[in-house]
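Dropping entry-v4.txt in here (compact mmCIF, C-alpha atoms):
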# COMPACT_ATOMS: atom_id res chain seq x y z
CA MET A 13 -64.73 -113.81 -132.87
CA SER A 14 -65.47 -113.10 -129.21
CA ILE A 15 -65.92 -109.56 -127.94
CA THR A 16 -62.89 -108.67 -125.83
CA GLU A 17 -61.25 -105.37 -124.90
CA THR A 18 -58.49 -105.92 -127.47
CA VAL A 19 -60.94 -106.76 -130.24
CA LEU A 20 -62.97 -103.64 -129.43
CA GLU A 21 -59.88 -101.44 -129.56
CA MET A 22 -58.92 -102.85 -132.95
CA HIS A 23 -62.48 -102.43 -134.23
CA TYR A 24 -62.58 -98.70 -133.44
CA HIS A 25 -58.90 -97.81 -133.89
CA ASN A 26 -58.78 -96.75 -137.53
CA ALA A 27 -62.07 -94.86 -137.29
CA ILE A 28 -60.76 -92.83 -134.33
CA LEU A 29 -57.52 -91.95 -136.15
CA GLU A 30 -59.40 -90.99 -139.32
CA GLN A 31 -61.65 -88.74 -137.24
CA PHE A 32 -58.60 -87.01 -135.77
CA LYS A 33 -57.06 -86.52 -139.20
CA SER A 34 -60.21 -85.07 -140.75
CA ASN A 35 -61.47 -82.96 -137.83
CA LEU A 36 -58.18 -81.39 -136.78
CA GLY A 37 -57.74 -79.91 -140.25
CA LEU A 38 -54.17 -81.16 -140.50
CA GLY A 39 -53.69 -80.78 -144.22
CA LYS A 40 -50.81 -82.60 -145.90
CA GLY A 41 -48.12 -84.31 -143.90
CA LYS A 42 -47.17 -87.49 -142.04
CA PHE A 43 -49.66 -88.92 -139.57
CA ASN A 44 -48.29 -91.70 -137.35
CA PHE A 45 -49.40 -93.59 -134.29
CA TYR A 46 -47.33 -95.45 -131.71
CA LYS A 47 -48.19 -98.28 -129.34
CA TYR A 48 -45.79 -99.57 -126.69
CA SER A 49 -44.73 -103.22 -126.81
CA THR A 50 -43.79 -104.62 -123.41
CA SER A 51 -42.10 -107.65 -124.95
CA ARG A 52 -39.87 -105.51 -127.19
CA GLU A 53 -39.52 -102.61 -124.73
CA CYS A 54 -40.09 -100.05 -127.44
CA PHE A 55 -42.82 -98.08 -129.15
CA VAL A 56 -43.98 -99.65 -132.40
CA GLY A 57 -45.09 -96.99 -134.84
CA PHE A 58 -47.05 -97.10 -138.08
CA ASP A 59 -47.40 -94.34 -140.63
CA GLN A 60 -50.31 -93.81 -143.00
CA ALA A 61 -49.02 -96.52 -145.31
CA PHE A 62 -48.67 -98.89 -142.31
CA VAL A 63 -44.88 -98.86 -142.58
CA GLN A 64 -43.53 -100.05 -139.27
CA SER A 65 -40.84 -98.38 -137.19
CA ASN A 66 -39.47 -98.89 -133.69
CA LEU A 67 -38.73 -96.18 -131.16
CA SER A 68 -37.32 -96.45 -127.66
CA PRO A 69 -39.03 -94.39 -124.94
CA ASP A 70 -35.96 -92.12 -124.87
CA SER A 71 -36.16 -91.60 -128.64
CA LEU A 72 -39.88 -90.88 -128.45
CA PHE A 73 -39.24 -88.35 -125.70
CA LYS A 74 -36.58 -86.63 -127.81
CA GLN A 75 -38.92 -86.49 -130.80
CA LEU A 76 -41.63 -85.06 -128.59
CA LYS A 77 -39.33 -82.26 -127.47
CA ASP A 78 -38.06 -81.62 -130.99
CA SER A 79 -41.57 -81.52 -132.44
CA ALA A 80 -42.35 -78.22 -130.66
CA LEU A 81 -42.17 -75.10 -132.79
CA ASN A 82 -41.43 -71.73 -131.21
CA ASN A 83 -41.51 -73.30 -127.75
CA GLY A 84 -45.09 -74.49 -128.24
CA TYR A 85 -47.19 -77.02 -130.10
CA SER A 86 -49.08 -76.23 -133.26
CA LEU A 87 -51.28 -78.18 -135.61
CA ASN A 88 -48.29 -78.31 -137.96
CA ASN A 89 -46.14 -80.44 -135.70
CA PHE A 90 -47.12 -82.28 -132.54
CA PHE A 91 -47.13 -85.40 -130.40
CA LEU A 92 -50.19 -86.30 -128.38
CA GLY A 93 -50.46 -89.06 -125.78
CA MET A 94 -53.90 -90.44 -124.92
CA PHE A 95 -55.24 -93.35 -122.89
CA PHE A 96 -58.25 -95.31 -124.09
CA GLN A 97 -58.86 -98.28 -121.81
CA PHE A 98 -61.47 -100.22 -123.74
CA LYS A 99 -64.07 -102.09 -121.74
CA VAL A 100 -66.72 -104.64 -122.63
CA VAL A 101 -70.16 -103.20 -121.85
CA GLN A 102 -72.67 -105.67 -120.42
CA GLU A 103 -76.33 -105.29 -121.33
CA CYS A 104 -78.34 -105.94 -118.14
CA ARG A 105 -82.06 -106.69 -117.97
CA ARG A 106 -82.16 -107.26 -114.22
CA LYS A 107 -80.85 -105.19 -111.37
CA SER A 108 -78.18 -106.48 -109.02
CA LYS A 109 -77.05 -105.40 -105.57
CA TRP A 110 -74.56 -103.05 -107.24
CA THR A 111 -77.13 -101.30 -109.44
CA PRO A 112 -77.56 -97.66 -108.35
CA THR A 113 -81.06 -96.44 -107.61
CA THR A 114 -80.76 -93.86 -110.38
CA VAL A 115 -80.75 -96.64 -112.95
CA LYS A 116 -84.36 -97.31 -113.93
CA SER A 117 -84.20 -98.76 -117.43
CA SER A 118 -84.28 -102.30 -118.69
CA PRO A 119 -81.99 -103.00 -120.35
CA HIS A 120 -79.33 -100.88 -118.72
CA TYR A 121 -75.59 -101.10 -119.18
CA ARG A 122 -72.69 -101.99 -116.90
CA VAL A 123 -68.91 -101.90 -117.18
CA LYS A 124 -66.81 -103.85 -114.70
CA LEU A 125 -63.69 -101.99 -113.59
CA ASP A 126 -60.45 -103.85 -112.97
CA THR A 127 -59.91 -103.08 -109.28
CA GLN A 128 -58.15 -106.32 -108.33
CA LYS A 129 -54.57 -105.64 -107.29
CA ASN A 130 -51.83 -107.09 -109.48
CA MET A 131 -49.72 -109.56 -107.49
CA ASN A 132 -46.49 -108.21 -109.01
CA THR A 133 -47.12 -104.49 -108.58
CA GLY A 134 -49.65 -104.30 -105.77
CA PHE A 135 -51.78 -101.97 -107.91
CA SER A 136 -54.91 -102.56 -109.95
CA GLN A 137 -55.46 -101.29 -113.48
CA HIS A 138 -57.92 -98.73 -112.17
CA GLU A 139 -55.53 -97.46 -109.51
CA LEU A 140 -52.85 -96.80 -112.12
CA LEU A 141 -55.25 -95.04 -114.50
CA TYR A 142 -56.66 -92.96 -111.65
CA SER A 143 -53.15 -92.04 -110.46
CA LEU A 144 -52.14 -91.18 -114.01
CA ASN A 145 -55.04 -88.76 -114.30
CA GLN A 146 -54.44 -87.23 -110.88
CA ASN A 147 -50.71 -86.66 -111.42
CA ASN A 148 -50.71 -85.37 -115.00
CA SER A 149 -52.49 -82.10 -115.61
CA GLY A 150 -54.15 -81.90 -118.98
CA SER A 151 -53.93 -85.64 -119.62
CA PHE A 152 -56.51 -87.45 -121.73
CA VAL A 153 -57.55 -90.60 -119.83
CA TYR A 154 -60.79 -92.42 -120.59
CA TYR A 155 -62.60 -95.69 -120.23
CA ALA A 156 -63.80 -96.39 -123.76
CA CYS A 157 -67.25 -97.95 -123.45
CA PRO A 158 -68.64 -99.19 -126.78
CA MET A 159 -72.36 -99.87 -126.96
CA LEU A 160 -71.72 -102.96 -129.06
CA PHE A 161 -73.13 -106.29 -127.93
CA GLU A 162 -73.31 -108.76 -130.84
CA GLN A 163 -70.36 -110.42 -132.54
CA HIS A 164 -71.74 -109.75 -136.01
CA GLU A 165 -71.46 -106.00 -135.31
CA LEU A 166 -67.67 -106.37 -135.33
CA TYR A 167 -67.77 -107.06 -139.07
CA ALA A 168 -69.61 -103.85 -139.88
CA ALA A 169 -67.92 -100.47 -140.25
CA PRO A 170 -67.31 -99.01 -136.76
CA ASP A 171 -69.81 -96.38 -135.69
CA LEU A 172 -68.11 -93.85 -133.39
CA LYS A 173 -71.52 -92.69 -132.19
CA THR A 174 -71.76 -95.95 -130.25
CA LEU A 175 -68.55 -95.19 -128.31
CA ARG A 176 -68.78 -93.35 -124.99
CA LEU A 177 -65.59 -92.11 -123.34
CA ALA A 178 -66.00 -92.05 -119.55
CA ASP A 179 -63.72 -89.28 -118.26
CA LEU A 180 -61.43 -90.35 -115.39
CA LYS A 181 -61.44 -86.72 -114.22
CA THR A 182 -64.96 -87.32 -112.93
CA CYS A 183 -64.13 -90.57 -111.13
CA PRO A 184 -64.42 -90.04 -107.36
CA SER A 185 -62.05 -92.71 -106.09
CA MET A 186 -59.01 -94.89 -106.64
CA TYR A 187 -61.16 -97.84 -105.50
CA ASN A 188 -58.19 -99.43 -103.76
CA ASP A 189 -60.31 -101.59 -101.46
CA ASN A 190 -59.89 -104.65 -103.72
CA ASP A 191 -63.68 -104.85 -103.99
CA ARG A 192 -65.94 -104.85 -107.09
CA HIS A 193 -66.70 -101.51 -108.78
CA PHE A 194 -68.54 -100.55 -111.96
CA ILE A 195 -69.63 -97.85 -114.35
CA TYR A 196 -73.38 -97.86 -115.02
CA PHE A 197 -75.32 -96.29 -117.88
CA ASP A 198 -79.10 -96.06 -117.50
CA GLN A 199 -79.40 -95.89 -121.29
CA GLN A 200 -76.81 -96.10 -124.04
CA ASN A 201 -76.47 -92.31 -124.28
CA SER A 202 -76.87 -91.61 -120.56
CA THR A 203 -74.38 -89.96 -118.24
CA PRO A 204 -72.20 -92.61 -116.57
CA THR A 205 -72.49 -93.38 -112.86
CA TRP A 206 -69.40 -94.50 -110.94
CA CYS A 207 -70.16 -97.19 -108.34
CA SER A 208 -70.30 -98.74 -105.76
CA GLU A 209 -71.32 -95.56 -103.91
CA PRO A 210 -73.02 -93.85 -106.85
CA VAL A 211 -71.41 -90.66 -108.18
CA GLU A 212 -72.50 -89.06 -111.44
CA GLY A 213 -69.67 -88.81 -113.94
CA LYS A 214 -69.19 -87.47 -117.43
CA SER A 215 -68.70 -89.11 -120.78
CA ILE A 216 -67.92 -87.52 -124.11
CA SER A 217 -67.96 -88.50 -127.76
CA VAL A 218 -64.88 -88.84 -129.94
CA ASP A 219 -65.83 -85.59 -131.68
CA GLU A 220 -65.99 -83.79 -128.33
CA LEU A 221 -62.57 -85.17 -127.41
CA ILE A 222 -61.08 -83.95 -130.69
CA ALA A 223 -62.56 -80.48 -130.15
CA ASP A 224 -60.96 -80.44 -126.69
CA VAL A 225 -57.60 -81.53 -128.12
CA LYS A 226 -57.75 -78.86 -130.81
CA GLN A 227 -58.47 -76.17 -128.23
CA LYS A 228 -55.63 -77.25 -125.93
CA LEU A 229 -53.03 -78.12 -128.54
CA GLY A 230 -51.65 -74.63 -128.93
CA SER A 231 -52.24 -73.54 -125.36
CA GLU A 232 -49.48 -72.55 -122.98
CA GLY A 233 -48.16 -75.50 -121.05
CA PHE A 234 -49.56 -78.22 -123.30
CA ARG A 235 -46.14 -79.41 -124.48
CA ASP A 236 -44.83 -79.38 -120.89
CA ASN A 237 -47.73 -81.56 -119.82
CA GLN A 238 -46.90 -84.08 -122.55
CA GLU A 239 -43.23 -84.12 -121.54
CA LYS A 240 -44.16 -84.66 -117.89
CA LEU A 241 -46.41 -87.51 -118.98
CA ILE A 242 -43.45 -89.34 -120.55
CA ASP A 243 -41.34 -88.72 -117.43
CA TRP A 244 -44.12 -90.06 -115.19
CA LEU A 245 -44.56 -93.17 -117.33
CA ASN A 246 -40.81 -93.86 -117.24
CA GLU A 247 -40.72 -93.86 -113.44
CA PRO A 248 -40.92 -97.15 -111.46
CA VAL A 249 -44.43 -98.35 -110.70
CA GLU A 250 -43.42 -98.21 -107.03
CA GLU A 251 -40.29 -97.33 -105.09
CA ASN A 252 -37.28 -99.57 -105.88
CA ALA A 253 -39.26 -101.54 -108.46
CA LYS A 254 -37.70 -102.43 -111.81
CA GLU A 255 -40.96 -102.19 -113.76
CA LYS A 256 -41.97 -98.80 -115.11
CA ARG A 257 -45.52 -97.48 -115.05
CA LEU A 258 -45.41 -97.53 -118.84
CA GLU A 259 -45.34 -101.32 -118.87
CA TYR A 260 -48.61 -101.55 -116.96
CA LEU A 261 -50.46 -98.78 -118.80
CA SER A 262 -49.25 -99.56 -122.32
CA GLU A 263 -52.46 -101.42 -123.17
CA SER A 264 -54.46 -98.20 -123.16
CA LEU A 265 -51.75 -95.77 -124.36
CA VAL A 266 -51.53 -94.48 -127.92
CA PHE A 267 -49.30 -91.67 -129.17
CA ILE A 268 -50.35 -89.72 -132.25
CA GLN A 269 -47.75 -87.79 -134.21
CA PHE A 270 -48.30 -85.31 -137.03
CA SER A 271 -45.59 -83.54 -139.01
CA SER A 272 -46.61 -81.25 -141.85
CA GLU A 273 -44.78 -81.44 -145.17
CA GLY A 274 -41.53 -79.58 -145.13
CA GLU A 275 -40.99 -79.92 -141.38

Represent the structure of the file as structure tokens.
Amino acid sequence: MSITETVLEMHYHNAILEQFKSNLGLGKGKFNFYKYSTSRECFVGFDQAFVQSNLSPDSLFKQLKDSALNNGYSLNNFFLGMFFQFKVVQECRRKSKWTPTTVKSSPHYRVKLDTQKNMNTGFSQHELLYSLNQNNSGSFVYYACPMLFEQHELYAAPDLKTLRLADLKTCPSMYNDNDRHFIYFDQQNSTPTWCSEPVEGKSISVDELIADVKQKLGSEGFRDNQEKLIDWLNEPVEENAKEKRLEYLSESLVFIQFSSEGE
């Protein structure tokens, strides 16, 4: 089994969901997750028993609106959209022309960003993720950077301590020059550096993300931000285009739903 972005996402997926369930203190109820399928043009959802259901974007949007209690979210009933763009982390023992001067260690760690423009849309993956973060207040958008380098590690239980979430809020640029750009880590637990012109960023753990979600979940405006996110994703990727942004960001998008018993 080769280490790819998809394989990494699958490796960590259940562990991330279990961490959300246990750390949010949800109690009894239904815990579902939804991933968008471009081929079927719908969200494919799975509950705790891995029973499959299909939901159109319009249906998901309606459920999102209906899930609010007293005009606001609560831990009893919510939808939450997050973006984890998994990346393969390269272990480097030699410096290259892109290595920032702040990186001193050997080995050090590098993540290649997808900044090559798509021929169909005219946008790169990074441009879309950066635009998503810039245009949606309160969004959760991260490059998921697992410090996992050997194939045999995929067969072991996933260790969330090896997963660093590089926060797009700290990224300095859309990198729309069609050139090569990276995230560097001096050591596995170091602060990330956005390159090519080095800018210190921020990464968090899954536990820190969950604490942030829990703090914001009941805050004023959180539900509105989630509704605006769906609207933004349902808009064309560019003017007069048929393709929606959702189709090009679906790889990293996951929706979590929780409904307490009796709701």

Hey, which bits of region 206-245 of chain A sit within 12 Å of region 31-47 of chain A, and for each residue what's the closest pair of atoms and how far apart in Å (one decimal), counting only C-alpha atoms, rows by chain and increasing number, as CSV?
residue,atom,partner,partner_atom,distance
A:Ser217,CA,A:Gln31,CA,11.4
A:Val218,CA,A:Gln31,CA,8.0
A:Asp219,CA,A:Gln31,CA,7.6
A:Glu220,CA,A:Asn35,CA,10.6
A:Leu221,CA,A:Phe32,CA,9.4
A:Ile222,CA,A:Phe32,CA,6.4
A:Ala223,CA,A:Leu36,CA,8.0
A:Asp224,CA,A:Leu36,CA,10.5
A:Val225,CA,A:Leu36,CA,8.7
A:Lys226,CA,A:Leu36,CA,6.5
A:Gln227,CA,A:Leu36,CA,10.0
A:Lys228,CA,A:Leu36,CA,11.9
A:Leu229,CA,A:Leu36,CA,10.3

TODO: Have a look at A:Asn88, A:Thr18, A:Ser65, A:Gln128 and name the one nearest to Ser272 (chain A); count all atoms listed in the file.
DONE: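 Checking each candidate against Ser272 (chain A), we get A:Asn88 as the closest.
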
Open item on the list: When you look at region 256-258 of chain A with a cut-off of 9 Å (counting all atoms listed in the file), what residues show up, excluding the ones that are within fewer than 3 positions of it in the same chain? I need them as a PyMOL selection string.
Closed with: chain A and resi 48+50+140+242+244-250+253+261-262+265

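Near (-58.4, -99.7, -121.3), the residues inside the 10 Å limit, counting only C-alpha atoms, come to A:Glu17, A:Thr18, A:Glu21, A:Phe95, A:Phe96, A:Gln97, A:Phe98, A:Lys99, A:Val100, A:Leu125, A:Asp126, A:Gln137, A:His138, A:Leu141, A:Val153, A:Tyr154, A:Tyr155, A:Ala156, A:Cys157, A:Leu261, A:Ser262, A:Glu263, A:Ser264, A:Leu265.
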
- [ ] Would you work out the distance separating CA of Gln238 (chain A) from CA of Asn89 (chain A), expressed in Å to one decimal?
- [x] 13.7 Å

Tell me, counting all atoms listed in the file, for each residue of region 48-118 of chain A within 7 Å of region 175-198 of chain A, which pair of atoms is nearest and how far apart they are in Å to one decimal, in rows ordered by chain and increasing number, as a tab-separated table.
residue	atom	partner	partner_atom	distance
A:Val115	CA	A:Asp198	CA	4.9
A:Lys116	CA	A:Asp198	CA	6.5
A:Ser117	CA	A:Asp198	CA	5.8

At a cut-off of 12 Å, using all atoms listed in the file, what residues contact Lys74 (chain A)? Leave out same-chain residues fewer than 5 positions from it and give the result as a PDB file with C-alpha atoms, keeping the file's coordinate frame.
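Result file follows (out-v5.pdb):
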ATOM      1  CA  LEU A  67     -38.730 -96.180-131.160  1.00  0.00           C
ATOM      2  CA  SER A  68     -37.320 -96.450-127.660  1.00  0.00           C
ATOM      3  CA  PRO A  69     -39.030 -94.390-124.940  1.00  0.00           C
ATOM      4  CA  SER A  79     -41.570 -81.520-132.440  1.00  0.00           C
ATOM      5  CA  ALA A  80     -42.350 -78.220-130.660  1.00  0.00           C
ATOM      6  CA  PHE A  91     -47.130 -85.400-130.400  1.00  0.00           C
ATOM      7  CA  GLN A 238     -46.900 -84.080-122.550  1.00  0.00           C
ATOM      8  CA  GLU A 239     -43.230 -84.120-121.540  1.00  0.00           C
ATOM      9  CA  ILE A 242     -43.450 -89.340-120.550  1.00  0.00           C
ATOM     10  CA  ASP A 243     -41.340 -88.720-117.430  1.00  0.00           C
TER      11      ASP A 243
END

Task: Point-to-point distance from CA of Cys207 (chain A) to CA of Thr111 (chain A), Å rounded to tenths - done: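 It comes out at 8.2 Å.
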
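In this model, the gap between CA of Ile28 (chain A) and CA of Pro119 (chain A) comes to 27.4 Å.
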
Residues within 6 Å of (-41.3, -80.5, -124.9), file coords, only C-alpha atoms, listed as a tab-separated table (two decimals) with C-alpha atoms, in the coordinates of the input:
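Saved file result.tsv follows:
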chain	number	residue	atom	x	y	z
A	76	LEU	CA	-41.63	-85.06	-128.59
A	77	LYS	CA	-39.33	-82.26	-127.47
A	235	ARG	CA	-46.14	-79.41	-124.48
A	236	ASP	CA	-44.83	-79.38	-120.89
A	239	GLU	CA	-43.23	-84.12	-121.54

Task: Counting only C-alpha atoms, the residue of A:Tyr260, A:Asn237, A:Ile15, A:Phe267 that sits nearest Ser136 (chain A) - done: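 Counting only C-alpha atoms, the residue closest to Ser136 (chain A) is A:Tyr260.
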
Task: Residue among A:Ser51, A:Ala169, A:Gly150, A:Glu209 lying closest to Ser231 (chain A), counting all atoms listed in the file - done: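 Ranked by minimum distance to Ser231 (chain A), first place goes to A:Gly150.
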